file query_28.pdb (PDB, C-alpha atoms)
ATOM      1  CA  MET E   1      -0.638 -20.785  18.797
ATOM      2  CA  SER E   2      -1.860 -17.934  21.022
ATOM      3  CA  GLU E   3      -5.567 -17.551  21.598
ATOM      4  CA  LEU E   4      -7.520 -15.016  19.534
ATOM      5  CA  LYS E   5      -7.982 -11.646  21.274
ATOM      6  CA  SER E   6      -9.937  -8.516  20.377
ATOM      7  CA  HIS E   7     -11.702  -5.449  21.774
ATOM      8  CA  ASN E   8     -14.934  -6.129  19.852
ATOM      9  CA  TRP E   9     -16.869  -9.386  19.689
ATOM     10  CA  MET E  10     -20.202 -10.657  18.385
ATOM     11  CA  PHE E  11     -21.902 -13.776  19.711
ATOM     12  CA  VAL E  12     -24.469 -15.385  17.351
ATOM     13  CA  GLN E  13     -26.661 -18.382  18.124
ATOM     14  CA  GLN E  14     -30.050 -19.745  17.068
ATOM     15  CA  LYS E  15     -32.665 -19.564  19.800
ATOM     16  CA  VAL E  16     -33.205 -23.326  19.854
ATOM     17  CA  TYR E  17     -29.482 -23.999  20.490
ATOM     18  CA  LEU E  18     -28.892 -21.480  23.262
ATOM     19  CA  LYS E  19     -27.147 -22.917  26.326
ATOM     20  CA  VAL E  20     -28.410 -20.096  28.527
ATOM     21  CA  SER E  21     -31.827 -18.456  28.728
ATOM     22  CA  PRO E  22     -32.293 -15.114  26.919
ATOM     23  CA  GLU E  23     -33.691 -13.795  30.197
ATOM     24  CA  GLN E  24     -30.184 -14.249  31.636
ATOM     25  CA  PHE E  25     -28.455 -12.164  28.978
ATOM     26  CA  GLN E  26     -28.618  -8.852  30.808
ATOM     27  CA  GLU E  27     -27.226 -10.261  34.049
ATOM     28  CA  ILE E  28     -24.511 -12.147  32.180
ATOM     29  CA  LEU E  29     -23.476  -9.059  30.230
ATOM     30  CA  GLU E  30     -23.498  -6.776  33.275
ATOM     31  CA  ASN E  31     -20.968  -9.123  34.885
ATOM     32  CA  SER E  32     -18.978  -9.792  31.689
ATOM     33  CA  GLY E  33     -16.383  -7.071  32.208
ATOM     34  CA  ALA E  34     -17.365  -5.541  28.831
ATOM     35  CA  GLU E  35     -17.407  -1.756  28.728
ATOM     36  CA  LYS E  36     -20.315  -1.709  26.267
ATOM     37  CA  TRP E  37     -22.775  -4.374  25.179
ATOM     38  CA  ALA E  38     -26.012  -4.717  23.226
ATOM     39  CA  TYR E  39     -28.183  -7.549  21.923
ATOM     40  CA  ILE E  40     -31.234  -8.194  19.729
ATOM     41  CA  PHE E  41     -33.443 -11.108  18.694
ATOM     42  CA  HIS E  42     -33.739 -11.588  14.911
ATOM     43  CA  ASP E  43     -36.955 -13.412  14.090
ATOM     44  CA  LYS E  44     -38.025 -11.692  10.869
ATOM     45  CA  ASP E  45     -35.189 -12.651   8.504
ATOM     46  CA  GLU E  46     -36.589 -14.552   5.533
ATOM     47  CA  GLY E  47     -35.181 -18.068   5.222
ATOM     48  CA  VAL E  48     -33.173 -17.801   8.459
ATOM     49  CA  GLU E  49     -33.945 -19.478  11.778
ATOM     50  CA  PRO E  50     -34.685 -17.088  14.691
ATOM     51  CA  HIS E  51     -31.399 -16.167  16.385
ATOM     52  CA  PHE E  52     -29.703 -13.737  18.766
ATOM     53  CA  HIS E  53     -26.888 -11.280  18.135
ATOM     54  CA  VAL E  54     -24.876 -10.016  21.088
ATOM     55  CA  ILE E  55     -22.081  -7.463  20.689
ATOM     56  CA  LEU E  56     -19.473  -6.677  23.343
ATOM     57  CA  HIS E  57     -16.771  -4.012  23.503
ATOM     58  CA  TYR E  58     -13.867  -4.406  25.942
ATOM     59  CA  LYS E  59     -11.566  -1.560  26.898
ATOM     60  CA  ASN E  60      -8.734  -4.090  27.109
ATOM     61  CA  ALA E  61      -8.613  -6.884  24.536
ATOM     62  CA  SER E  62     -10.438 -10.024  25.649
ATOM     63  CA  ARG E  63     -10.005 -13.663  24.637
ATOM     64  CA  VAL E  64     -12.475 -15.480  22.411
ATOM     65  CA  SER E  65     -12.807 -18.200  25.052
ATOM     66  CA  THR E  66     -13.865 -15.608  27.630
ATOM     67  CA  VAL E  67     -16.802 -14.497  25.465
ATOM     68  CA  ALA E  68     -17.776 -18.053  24.546
ATOM     69  CA  ASN E  69     -17.786 -19.106  28.221
ATOM     70  CA  LEU E  70     -20.210 -16.305  29.094
ATOM     71  CA  PHE E  71     -22.847 -18.121  27.054
ATOM     72  CA  LYS E  72     -21.514 -21.638  27.776
ATOM     73  CA  ASP E  73     -21.131 -22.111  24.035
ATOM     74  CA  ASP E  74     -18.458 -23.026  21.476
ATOM     75  CA  GLU E  75     -15.858 -20.504  20.322
ATOM     76  CA  GLU E  76     -17.137 -20.951  16.753
ATOM     77  CA  ARG E  77     -20.235 -18.978  17.768
ATOM     78  CA  VAL E  78     -18.110 -15.894  18.531
ATOM     79  CA  GLN E  79     -16.917 -13.533  15.795
ATOM     80  CA  ARG E  80     -14.150 -10.956  16.114
ATOM     81  CA  TRP E  81     -15.061  -7.405  14.969
ATOM     82  CA  ASP E  82     -11.723  -5.602  15.197
ATOM     83  CA  ALA E  83     -11.942  -1.800  14.938
ATOM     84  CA  ARG E  84     -15.521  -2.129  13.682
ATOM     85  CA  TRP E  85     -17.656  -1.242  16.691
ATOM     86  CA  ASN E  86     -19.806   1.169  14.667
ATOM     87  CA  ASN E  87     -20.338  -1.518  12.056
ATOM     88  CA  ALA E  88     -21.316  -4.034  14.739
ATOM     89  CA  CYS E  89     -23.825  -1.586  16.218
ATOM     90  CA  GLY E  90     -25.328  -0.951  12.785
ATOM     91  CA  TYR E  91     -25.518  -4.654  11.984
ATOM     92  CA  LEU E  92     -27.851  -5.349  14.930
ATOM     93  CA  ILE E  93     -30.664  -3.545  13.098
ATOM     94  CA  HIS E  94     -29.334  -4.390   9.605
ATOM     95  CA  MET E  95     -28.301  -0.793   8.914
ATOM     96  CA  THR E  96     -24.994  -1.724   7.262
ATOM     97  CA  LYS E  97     -24.470  -1.484   3.504
ATOM     98  CA  ASN E  98     -24.090  -5.252   3.041
ATOM     99  CA  SER E  99     -27.265  -5.946   5.026
ATOM    100  CA  ALA E 100     -29.254  -3.525   2.886
ATOM    101  CA  GLU E 101     -27.846  -4.995  -0.345
ATOM    102  CA  ASP E 102     -28.709  -8.531   0.853
ATOM    103  CA  GLY E 103     -32.301  -7.487   1.529
ATOM    104  CA  ARG E 104     -32.124  -8.187   5.261
ATOM    105  CA  TYR E 105     -35.076  -7.130   7.402
ATOM    106  CA  PRO E 106     -34.544  -3.653   8.948
ATOM    107  CA  TYR E 107     -35.133  -4.018  12.695
ATOM    108  CA  ASP E 108     -36.256  -1.133  14.877
ATOM    109  CA  ILE E 109     -33.901   0.538  17.337
ATOM    110  CA  SER E 110     -36.377  -0.162  20.140
ATOM    111  CA  GLU E 111     -35.773  -3.908  19.729
ATOM    112  CA  VAL E 112     -32.167  -3.533  20.941
ATOM    113  CA  THR E 113     -31.217  -3.867  24.609
ATOM    114  CA  ALA E 114     -27.955  -2.065  25.508
ATOM    115  CA  ASN E 115     -26.041  -0.587  28.456
ATOM    116  CA  PHE E 116     -25.385   2.630  26.478
ATOM    117  CA  ASP E 117     -27.504   5.085  24.476
ATOM    118  CA  TYR E 118     -27.888   2.883  21.425
ATOM    119  CA  ALA E 119     -30.320   5.262  19.675
ATOM    120  CA  GLU E 120     -27.823   8.128  19.981
ATOM    121  CA  LYS E 121     -25.034   5.895  18.668
ATOM    122  CA  ILE E 122     -27.080   5.004  15.589
ATOM    123  CA  SER E 123     -27.889   8.694  15.058
ATOM    124  CA  GLN E 124     -24.169   9.512  15.098
ATOM    125  CA  ILE E 125     -23.422   6.719  12.625
ATOM    126  CA  GLN E 126     -26.196   7.886  10.286
ATOM    127  CA  LYS E 127     -24.859  11.452  10.307
ATOM    128  CA  ARG E 128     -21.371  10.175   9.539
ATOM    129  CA  VAL E 129     -22.632   7.929   6.734
ATOM    130  CA  SER E 130     -24.668  10.815   5.305
ATOM    131  CA  GLY E 131     -21.588  13.020   5.400
ATOM    132  CA  THR E 132     -19.530  10.298   3.718
ATOM    133  CA  LYS E 133     -22.129   9.990   0.953
ATOM    134  CA  ASN E 134     -21.966  13.741   0.378
ATOM    135  CA  ILE E 135     -18.158  13.641   0.222
ATOM    136  CA  THR E 136     -18.330  10.766  -2.250
ATOM    137  CA  LYS E 137     -20.795  12.680  -4.425
ATOM    138  CA  VAL E 138     -18.570  15.783  -4.505
ATOM    139  CA  ILE E 139     -15.474  13.759  -5.440
ATOM    140  CA  GLU E 140     -17.461  12.014  -8.172
ATOM    141  CA  GLN E 141     -18.518  15.449  -9.491
ATOM    142  CA  TYR E 142     -14.851  16.409  -9.634
ATOM    143  CA  GLY E 143     -14.017  13.190 -11.452
ATOM    144  CA  ASN E 144     -16.768  13.924 -13.999
ATOM    145  CA  HIS E 145     -15.466  17.498 -14.580
ATOM    146  CA  GLU E 146     -18.625  19.012 -13.062
ATOM    147  CA  ILE E 147     -16.623  21.082 -10.548
ATOM    148  CA  THR E 148     -13.082  22.456 -10.493
ATOM    149  CA  ARG E 149     -10.238  21.528  -8.155
ATOM    150  CA  GLN E 150     -10.781  24.786  -6.271
ATOM    151  CA  GLU E 151     -14.488  24.005  -5.829
ATOM    152  CA  LEU E 152     -13.604  20.516  -4.613
ATOM    153  CA  GLU E 153     -11.278  21.938  -1.970
ATOM    154  CA  LEU E 154     -13.908  24.424  -0.795
ATOM    155  CA  LYS E 155     -16.674  21.819  -0.598
ATOM    156  CA  ILE E 156     -14.890  19.044   1.313
ATOM    157  CA  GLY E 157     -12.102  20.832   3.218
ATOM    158  CA  ASP E 158      -8.505  19.915   4.004
ATOM    159  CA  ALA E 159      -9.272  16.964   6.298
ATOM    160  CA  GLU E 160     -11.332  15.125   3.670
ATOM    161  CA  LEU E 161      -8.816  16.023   0.962
ATOM    162  CA  ALA E 162      -6.131  14.281   3.011
ATOM    163  CA  LYS E 163      -8.370  11.323   3.866
ATOM    164  CA  ASN E 164      -9.326  10.771   0.195
ATOM    165  CA  HIS E 165      -5.909  11.694  -1.230
ATOM    166  CA  VAL E 166      -5.345   8.361  -3.010
ATOM    167  CA  TRP E 167      -8.754   8.416  -4.726
ATOM    168  CA  ILE E 168      -8.458  12.071  -5.760
ATOM    169  CA  SER E 169      -4.900  11.562  -7.012
ATOM    170  CA  ARG E 170      -6.031   8.599  -9.107
ATOM    171  CA  ILE E 171      -8.818  10.705 -10.647
ATOM    172  CA  GLU E 172      -6.345  13.463 -11.424
ATOM    173  CA  ASP E 173      -3.863  11.029 -12.947
ATOM    174  CA  LEU E 174      -6.543   9.596 -15.273
ATOM    175  CA  ASN E 175      -7.840  13.043 -16.206
ATOM    176  CA  ALA E 176      -4.313  14.336 -16.772
ATOM    177  CA  LYS E 177      -3.589  11.411 -19.094
ATOM    178  CA  ARG E 178      -6.692  12.127 -21.198
ATOM    179  CA  GLU E 179      -6.017  15.874 -21.285
ATOM    180  CA  HIS E 180      -2.418  15.275 -22.344
ATOM    181  CA  GLU E 181      -3.472  12.957 -25.164
ATOM    182  CA  LYS E 182      -5.955  15.599 -26.358
ATOM    183  CA  PHE E 183      -3.265  18.298 -26.134
ATOM    184  CA  LEU E 184      -0.817  16.231 -28.204
ATOM    185  CA  ARG E 185      -3.391  15.825 -30.978
ATOM    186  CA  GLU E 186      -4.416  19.485 -31.073
ATOM    187  CA  PHE E 187      -0.926  21.018 -30.691
ATOM    188  CA  GLU E 188       0.878  18.710 -33.116
ATOM    189  CA  GLY E 189       3.267  20.603 -35.395
ATOM    190  CA  LYS E 190       3.036  23.810 -33.356
ATOM    191  CA  ALA E 191       5.872  25.299 -31.328
ATOM    192  CA  GLN E 192       5.961  25.937 -27.615
ATOM    193  CA  GLU E 193       7.165  29.426 -26.761
ATOM    194  CA  THR E 194       9.594  29.899 -23.868
ATOM    195  CA  ILE E 195      10.262  33.434 -22.666
ATOM    196  CA  TRP E 196      13.182  34.057 -20.314
ATOM    197  CA  LEU E 197      12.729  37.198 -18.208
ATOM    198  CA  TRP E 198      15.830  38.113 -16.277
ATOM    199  CA  GLY E 199      16.904  41.077 -14.226
ATOM    200  CA  SER E 200      17.529  42.340 -10.716
ATOM    201  CA  ALA E 201      14.933  42.114  -7.932
ATOM    202  CA  GLY E 202      12.076  44.588  -8.000
ATOM    203  CA  VAL E 203      12.241  45.633 -11.653
ATOM    204  CA  GLY E 204       8.929  43.967 -12.635
ATOM    205  CA  LYS E 205       9.757  40.491 -13.980
ATOM    206  CA  SER E 206       6.744  38.824 -12.375
ATOM    207  CA  CYS E 207       4.434  41.661 -13.357
ATOM    208  CA  TYR E 208       5.517  41.409 -16.985
ATOM    209  CA  ALA E 209       5.094  37.613 -16.864
ATOM    210  CA  ASP E 210       1.503  38.164 -15.703
ATOM    211  CA  TYR E 211       1.029  40.660 -18.526
ATOM    212  CA  LEU E 212       2.214  38.155 -21.139
ATOM    213  CA  THR E 213      -0.226  35.470 -19.922
ATOM    214  CA  ARG E 214      -3.059  37.805 -18.896
ATOM    215  CA  ASN E 215      -5.743  36.361 -21.191
ATOM    216  CA  ASN E 216      -5.094  32.708 -20.363
ATOM    217  CA  GLU E 217      -5.547  30.311 -17.467
ATOM    218  CA  THR E 218      -2.031  30.219 -16.068
ATOM    219  CA  ALA E 219      -0.197  28.133 -13.479
ATOM    220  CA  LYS E 220       2.082  30.352 -11.409
ATOM    221  CA  LEU E 221       4.679  28.090  -9.879
ATOM    222  CA  GLY E 222       7.590  28.656  -7.568
ATOM    223  CA  SER E 223       9.089  26.244  -5.047
ATOM    224  CA  SER E 224      12.665  25.171  -4.563
ATOM    225  CA  ARG E 225      11.476  21.734  -3.401
ATOM    226  CA  ASP E 226       8.834  20.889  -5.997
ATOM    227  CA  TYR E 227       8.157  23.486  -8.667
ATOM    228  CA  PHE E 228       5.267  21.634 -10.304
ATOM    229  CA  GLN E 229       3.346  20.537  -7.194
ATOM    230  CA  ASP E 230       0.508  22.979  -8.049
ATOM    231  CA  TYR E 231       0.417  22.268 -11.792
ATOM    232  CA  HIS E 232      -2.923  20.908 -13.039
ATOM    233  CA  GLY E 233      -2.555  20.695 -16.801
ATOM    234  CA  GLU E 234      -2.526  24.414 -17.683
ATOM    235  CA  ASN E 235      -1.194  25.405 -21.137
ATOM    236  CA  TYR E 236       0.457  28.553 -19.798
ATOM    237  CA  VAL E 237       3.000  28.349 -16.992
ATOM    238  CA  ILE E 238       5.083  30.901 -15.125
ATOM    239  CA  LEU E 239       8.123  29.602 -13.260
ATOM    240  CA  ASN E 240       8.897  32.379 -10.812
ATOM    241  CA  ASP E 241      12.365  33.202  -9.527
ATOM    242  CA  LEU E 242      14.084  30.115 -10.963
ATOM    243  CA  ARG E 243      17.584  29.383  -9.632
ATOM    244  CA  PRO E 244      20.330  27.202 -11.210
ATOM    245  CA  ASP E 245      20.467  24.748  -8.290
ATOM    246  CA  GLU E 246      16.738  23.974  -8.502
ATOM    247  CA  PHE E 247      16.715  22.275 -11.923
ATOM    248  CA  SER E 248      19.214  20.059 -13.648
ATOM    249  CA  PHE E 249      20.223  21.346 -17.072
ATOM    250  CA  ALA E 250      18.805  18.206 -18.681
ATOM    251  CA  ASP E 251      15.373  18.877 -17.096
ATOM    252  CA  LEU E 252      15.530  22.508 -18.213
ATOM    253  CA  LEU E 253      16.254  21.498 -21.815
ATOM    254  CA  ARG E 254      13.426  18.987 -21.686
ATOM    255  CA  ILE E 255      10.716  21.400 -20.564
ATOM    256  CA  THR E 256      11.857  24.175 -22.936
ATOM    257  CA  ASP E 257      11.996  21.969 -26.061
ATOM    258  CA  PRO E 258       9.667  23.755 -28.527
ATOM    259  CA  TYR E 259       8.585  20.705 -30.553
ATOM    260  CA  GLN E 260       8.807  17.794 -28.122
ATOM    261  CA  HIS E 261       5.387  18.070 -26.495
ATOM    262  CA  ASP E 262       5.184  14.621 -24.939
ATOM    263  CA  LYS E 263       7.228  15.564 -21.885
ATOM    264  CA  SER E 264       6.956  15.489 -18.123
ATOM    265  CA  ALA E 265       7.718  17.877 -15.305
ATOM    266  CA  PRO E 266      10.322  16.798 -12.775
ATOM    267  CA  ARG E 267       8.562  16.135  -9.459
ATOM    268  CA  ARG E 268       9.597  14.652  -6.132
ATOM    269  CA  TYR E 269       7.256  11.643  -6.185
ATOM    270  CA  HIS E 270       6.279  11.042  -9.791
ATOM    271  CA  ASP E 271       6.692  13.018 -12.999
ATOM    272  CA  LEU E 272       3.678  14.868 -14.375
ATOM    273  CA  LYS E 273       2.762  15.271 -18.045
ATOM    274  CA  LEU E 274       2.962  18.861 -19.305
ATOM    275  CA  ASN E 275       0.639  20.552 -21.807
ATOM    276  CA  LEU E 276       2.769  23.620 -22.504
ATOM    277  CA  LYS E 277       1.990  26.251 -25.123
ATOM    278  CA  MET E 278       3.882  29.029 -23.366
ATOM    279  CA  LEU E 279       6.456  28.840 -20.578
ATOM    280  CA  VAL E 280       7.584  32.068 -18.929
ATOM    281  CA  ILE E 281      10.644  31.883 -16.679
ATOM    282  CA  THR E 282      11.608  34.699 -14.340
ATOM    283  CA  THR E 283      15.059  34.669 -12.782
ATOM    284  CA  PRO E 284      17.813  37.001 -11.572
ATOM    285  CA  TYR E 285      20.220  35.187 -13.931
ATOM    286  CA  SER E 286      20.896  35.870 -17.565
ATOM    287  CA  PRO E 287      20.781  32.686 -19.683
ATOM    288  CA  GLU E 288      24.602  32.647 -19.876
ATOM    289  CA  ASP E 289      25.057  33.030 -16.110
ATOM    290  CA  PHE E 290      22.340  30.468 -15.428
ATOM    291  CA  TYR E 291      24.143  27.944 -17.618
ATOM    292  CA  ASP E 292      27.451  28.592 -15.872
ATOM    293  CA  TYR E 293      25.939  27.857 -12.455
ATOM    294  CA  CYS E 294      23.586  25.047 -13.505
ATOM    295  CA  ARG E 295      24.109  21.323 -12.943
ATOM    296  CA  VAL E 296      25.516  20.162 -16.289
ATOM    297  CA  LYS E 297      26.722  16.576 -16.666
ATOM    298  CA  SER E 298      28.686  17.115 -19.850
ATOM    299  CA  TYR E 299      29.609  20.562 -21.176
ATOM    300  CA  LYS E 300      30.586  18.984 -24.503
ATOM    301  CA  ILE E 301      27.149  17.483 -25.056
ATOM    302  CA  ASP E 302      24.874  19.873 -23.156
ATOM    303  CA  THR E 303      26.045  23.175 -24.569
ATOM    304  CA  PHE E 304      24.707  26.661 -23.906
ATOM    305  CA  LYS E 305      23.597  26.819 -27.540
ATOM    306  CA  GLN E 306      20.990  24.134 -26.819
ATOM    307  CA  LEU E 307      19.362  26.422 -24.262
ATOM    308  CA  SER E 308      19.741  29.669 -26.202
ATOM    309  CA  ARG E 309      17.970  28.339 -29.293
ATOM    310  CA  ARG E 310      14.993  27.208 -27.177
ATOM    311  CA  ILE E 311      14.262  30.520 -25.453
ATOM    312  CA  HIS E 312      13.493  34.155 -26.158
ATOM    313  CA  ALA E 313      15.450  36.082 -23.523
ATOM    314  CA  ILE E 314      14.423  39.558 -22.362
ATOM    315  CA  HIS E 315      16.471  41.654 -19.965
ATOM    316  CA  ILE E 316      13.956  43.338 -17.674
ATOM    317  CA  THR E 317      15.057  46.800 -16.597
ATOM    318  CA  PRO E 318      13.193  49.888 -15.362
ATOM    319  CA  GLU E 319      13.695  51.425 -18.821
ATOM    320  CA  PHE E 320      12.179  48.374 -20.535
ATOM    321  CA  MET E 321       9.199  48.306 -18.157
ATOM    322  CA  LYS E 322       8.600  52.009 -18.648
ATOM    323  CA  GLN E 323       8.291  51.390 -22.379
ATOM    324  CA  VAL E 324       6.029  48.327 -22.283
ATOM    325  CA  MET E 325       3.963  49.195 -19.202
ATOM    326  CA  PRO E 326       4.094  52.985 -18.804
ATOM    327  CA  GLU E 327       0.914  53.012 -16.706
ATOM    328  CA  GLU E 328       2.819  51.217 -13.934
ATOM    329  CA  PHE E 329       5.213  54.178 -13.539
ATOM    330  CA  GLN E 330       4.708  57.421 -11.691
ATOM    331  CA  ASP E 331       7.337  60.123 -11.573
ATOM    332  CA  ASN E 332       9.760  57.633 -13.145
ATOM    333  CA  GLU E 333       9.337  55.201 -10.212
ATOM    334  CA  TRP E 334       8.223  51.580 -10.699
ATOM    335  CA  LEU E 335       4.929  50.944  -8.826
ATOM    336  CA  GLY E 336       4.525  47.219  -9.524
ATOM    337  CA  PHE E 337       5.589  44.276  -7.439
ATOM    338  CA  ASP E 338       8.114  41.622  -8.407
TER     339      ASP E 338
END
call {"tool": "encode", "arguments": {"input": "query_28.pdb", "output": "structure tokens"}}
result
Amino acid sequence: MSELKSHNWMFVQQKVYLKVSPEQFQEILENSGAEKWAYIFHDKDEGVEPHFHVILHYKNASRVSTVANLFKDDEERVQRWDARWNNACGYLIHMTKNSAEDGRYPYDISEVTANFDYAEKISQIQKRVSGTKNITKVIEQYGNHEITRQELELKIGDAELAKNHVWISRIEDLNAKREHEKFLREFEGKAQETIWLWGSAGVGKSCYADYLTRNNETAKLGSSRDYFQDYHGENYVILNDLRPDEFSFADLLRITDPYQHDKSAPRRYHDLKLNLKMLVITTPYSPEDFYDYCRVKSYKIDTFKQLSRRIHAIHITPEFMKQVMPEEFQDNEWLGFD
């Protein structure tokens, strides 16, 4: 079996069992080949014999025997601290979380001898830990519904969102489950409304969709890769510019079913529970044309009638928009944006 190697090591030994004099430590460490090193004498730990801690960081991984030989001691006295140099530095003065929880004596920075600016290193670690605590607090506020998703994003930024993606996603999954269960209880026996707005580009489909949902918190979705990636449990949803090749017909029937409320949105990674009261679809296709071009497994089973009885279709034209939203017209020209 190959010998243990690492970039970071800690040597620990009681004072009475040292094979070399503590006065030799600095000379030994300066000639050790370690890029960084530091040591401290612990003599204030309750119930523990006085002992030394020595930490070493090598640019290139070093063998455990190499570190043990520096102090003419056994390899059992040397601990590997892979990728934990900051933790090793903090442990010298018992600044780590476990040390604090165990009630270890907090040593002063001045008691540490090092070949680098140890005080500055501890200052950097403390700032990072403080920042981490703040991030944790903000995410906990989000989990407790004290702040919104938008506020979370503003407070912690994209980098921390990515770093804490698993935790945040788990919170959202649990919250979504509870919200969906509440929705099912409150909306039982009521019908979801699906409005199909179709027409050529630029006639005002999206504007009219906004008008229909204007008094409600609404998810406006539109992506050929993952339509529901920005859905967060809203009761009102606008699917903008839907195309036949972006949904299977079975998925379309599922999300437009007026009385089956326990349903999920098709997503790339995992399906998401929907709490739909109103679904507004905008598309260039009439329902009949959409069906003709859609992915249908069996035309005998999945008929157009199944879709038509689920939706209220409206053909959006300049004439229609002029009637329902006359303030958006000037000199018979449509001023809105689609």
call {"tool": "atom_distance", "arguments": {"input": "query_28.pdb", "atom1": "CA of Tyr285 in chain E", "atom2": "CA of Ser248 in chain E"}}
result
15.2 Å
call {"tool": "closest_residue", "arguments": {"input": "query_28.pdb", "among": "E:Ser6, E:Asn275, E:Asn86, E:Thr317", "to": "Lys59 in chain E", "atoms": "all atoms listed in the file"}}
result
E:Ser6
call {"tool": "atom_distance", "arguments": {"input": "query_28.pdb", "atom1": "CA of Ala114 in chain E", "atom2": "CA of Gln26 in chain E"}}
result
8.6 Å
call {"tool": "resolve_selection", "arguments": {"input": "query_28.pdb", "expression": "the PyMOL selection byres ((chain E and resi 199) around 8)", "output": "CSV table (one decimal) with C-alpha atoms, keeping the file's coordinate frame"}}
result
chain,number,residue,atom,x,y,z
E,197,LEU,CA,12.7,37.2,-18.2
E,198,TRP,CA,15.8,38.1,-16.3
E,200,SER,CA,17.5,42.3,-10.7
E,201,ALA,CA,14.9,42.1,-7.9
E,203,VAL,CA,12.2,45.6,-11.7
E,205,LYS,CA,9.8,40.5,-14.0
E,283,THR,CA,15.1,34.7,-12.8
E,284,PRO,CA,17.8,37.0,-11.6
E,285,TYR,CA,20.2,35.2,-13.9
E,286,SER,CA,20.9,35.9,-17.6
E,315,HIS,CA,16.5,41.7,-20.0
E,316,ILE,CA,14.0,43.3,-17.7
E,317,THR,CA,15.1,46.8,-16.6
call {"tool": "residues_around", "arguments": {"input": "query_28.pdb", "residues": "Tyr231 in chain E", "least_positions_apart": "6", "cutoff": "9 Å", "atoms": "only C-alpha atoms", "output": "number ranges by chain"}}
result
E: 219-221, 237, 272, 274
call {"tool": "atom_distance", "arguments": {"input": "query_28.pdb", "atom1": "CA of Thr113 in chain E", "atom2": "CA of Val54 in chain E"}}
result
9.5 Å
call {"tool": "residues_around", "arguments": {"input": "query_28.pdb", "residues": "Arg170 in chain E", "least_positions_apart": "4", "cutoff": "12 Å", "atoms": "all atoms listed in the file", "output": "PyMOL selection string"}}
result
chain E and resi 139-140+142-143+164-166+174-177
call {"tool": "residues_around", "arguments": {"input": "query_28.pdb", "residues": "His7 in chain E", "least_positions_apart": "4", "cutoff": "9 Å", "atoms": "all atoms listed in the file", "output": "mmCIF file with C-alpha atoms, in the frame of the given file"}}
result
data_model
loop_
_atom_site.group_PDB
_atom_site.id
_atom_site.type_symbol
_atom_site.label_atom_id
_atom_site.label_comp_id
_atom_site.auth_asym_id
_atom_site.auth_seq_id
_atom_site.Cartn_x
_atom_site.Cartn_y
_atom_site.Cartn_z
ATOM 1 C CA LEU E 56 -19.473 -6.677 23.343
ATOM 2 C CA HIS E 57 -16.771 -4.012 23.503
ATOM 3 C CA TYR E 58 -13.867 -4.406 25.942
ATOM 4 C CA LYS E 59 -11.566 -1.560 26.898
ATOM 5 C CA ASN E 60 -8.734 -4.090 27.109
ATOM 6 C CA ALA E 61 -8.613 -6.884 24.536
ATOM 7 C CA SER E 62 -10.438 -10.024 25.649
ATOM 8 C CA ARG E 63 -10.005 -13.663 24.637
ATOM 9 C CA ARG E 80 -14.150 -10.956 16.114
ATOM 10 C CA TRP E 81 -15.061 -7.405 14.969
ATOM 11 C CA ASP E 82 -11.723 -5.602 15.197
ATOM 12 C CA ALA E 83 -11.942 -1.800 14.938
ATOM 13 C CA TRP E 85 -17.656 -1.242 16.691
#
call {"tool": "resolve_selection", "arguments": {"input": "query_28.pdb", "expression": "the PyMOL selection byres ((chain E and resi 115) around 7)", "output": "list in words"}}
result
Lys36, Trp37, Ala38, Ala114 and Phe116 of chain E
call {"tool": "closest_residue", "arguments": {"input": "query_28.pdb", "among": "E:Lys19, E:Arg178, E:Lys44, E:Lys127", "to": "Ile93 in chain E", "atoms": "all atoms listed in the file"}}
result
E:Lys44
call {"tool": "residues_around", "arguments": {"input": "query_28.pdb", "residues": "Glu111 in chain E", "least_positions_apart": "6", "cutoff": "10 Å", "atoms": "only C-alpha atoms", "output": "list in words"}}
result
Tyr39, Ile40, Phe41, His42, Leu92 and Ile93 of chain E
call {"tool": "axis_aligned_box", "arguments": {"input": "query_28.pdb", "around": "range 69-77 of chain E", "padding_each_side": "4 Å", "output": "AutoDock Vina command-line options"}}
result
--center_x -19.4 --center_y -19.7 --center_z 22.9 --size_x 15.0 --size_y 14.7 --size_z 20.3
call {"tool": "resolve_selection", "arguments": {"input": "query_28.pdb", "expression": "the PyMOL selection byres ((chain E and resi 258) around 9)", "output": "ChimeraX atom specification"}}
result
/E:190-194,255-257,259-261,277,310-311
call {"tool": "write_last_selection", "arguments": {"input": "query_28.pdb", "atoms": "C-alpha atoms", "output": "mmCIF file, keeping the file's coordinate frame"}}
result
data_model
loop_
_atom_site.group_PDB
_atom_site.id
_atom_site.type_symbol
_atom_site.label_atom_id
_atom_site.label_comp_id
_atom_site.auth_asym_id
_atom_site.auth_seq_id
_atom_site.Cartn_x
_atom_site.Cartn_y
_atom_site.Cartn_z
ATOM 1 C CA LYS E 190 3.036 23.810 -33.356
ATOM 2 C CA ALA E 191 5.872 25.299 -31.328
ATOM 3 C CA GLN E 192 5.961 25.937 -27.615
ATOM 4 C CA GLU E 193 7.165 29.426 -26.761
ATOM 5 C CA THR E 194 9.594 29.899 -23.868
ATOM 6 C CA ILE E 255 10.716 21.400 -20.564
ATOM 7 C CA THR E 256 11.857 24.175 -22.936
ATOM 8 C CA ASP E 257 11.996 21.969 -26.061
ATOM 9 C CA TYR E 259 8.585 20.705 -30.553
ATOM 10 C CA GLN E 260 8.807 17.794 -28.122
ATOM 11 C CA HIS E 261 5.387 18.070 -26.495
ATOM 12 C CA LYS E 277 1.990 26.251 -25.123
ATOM 13 C CA ARG E 310 14.993 27.208 -27.177
ATOM 14 C CA ILE E 311 14.262 30.520 -25.453
#
call {"tool": "closest_residue", "arguments": {"input": "query_28.pdb", "among": "E:Tyr91, E:Phe247, E:Tyr299, E:Phe187", "to": "Arg104 in chain E", "atoms": "only C-alpha atoms"}}
result
E:Tyr91
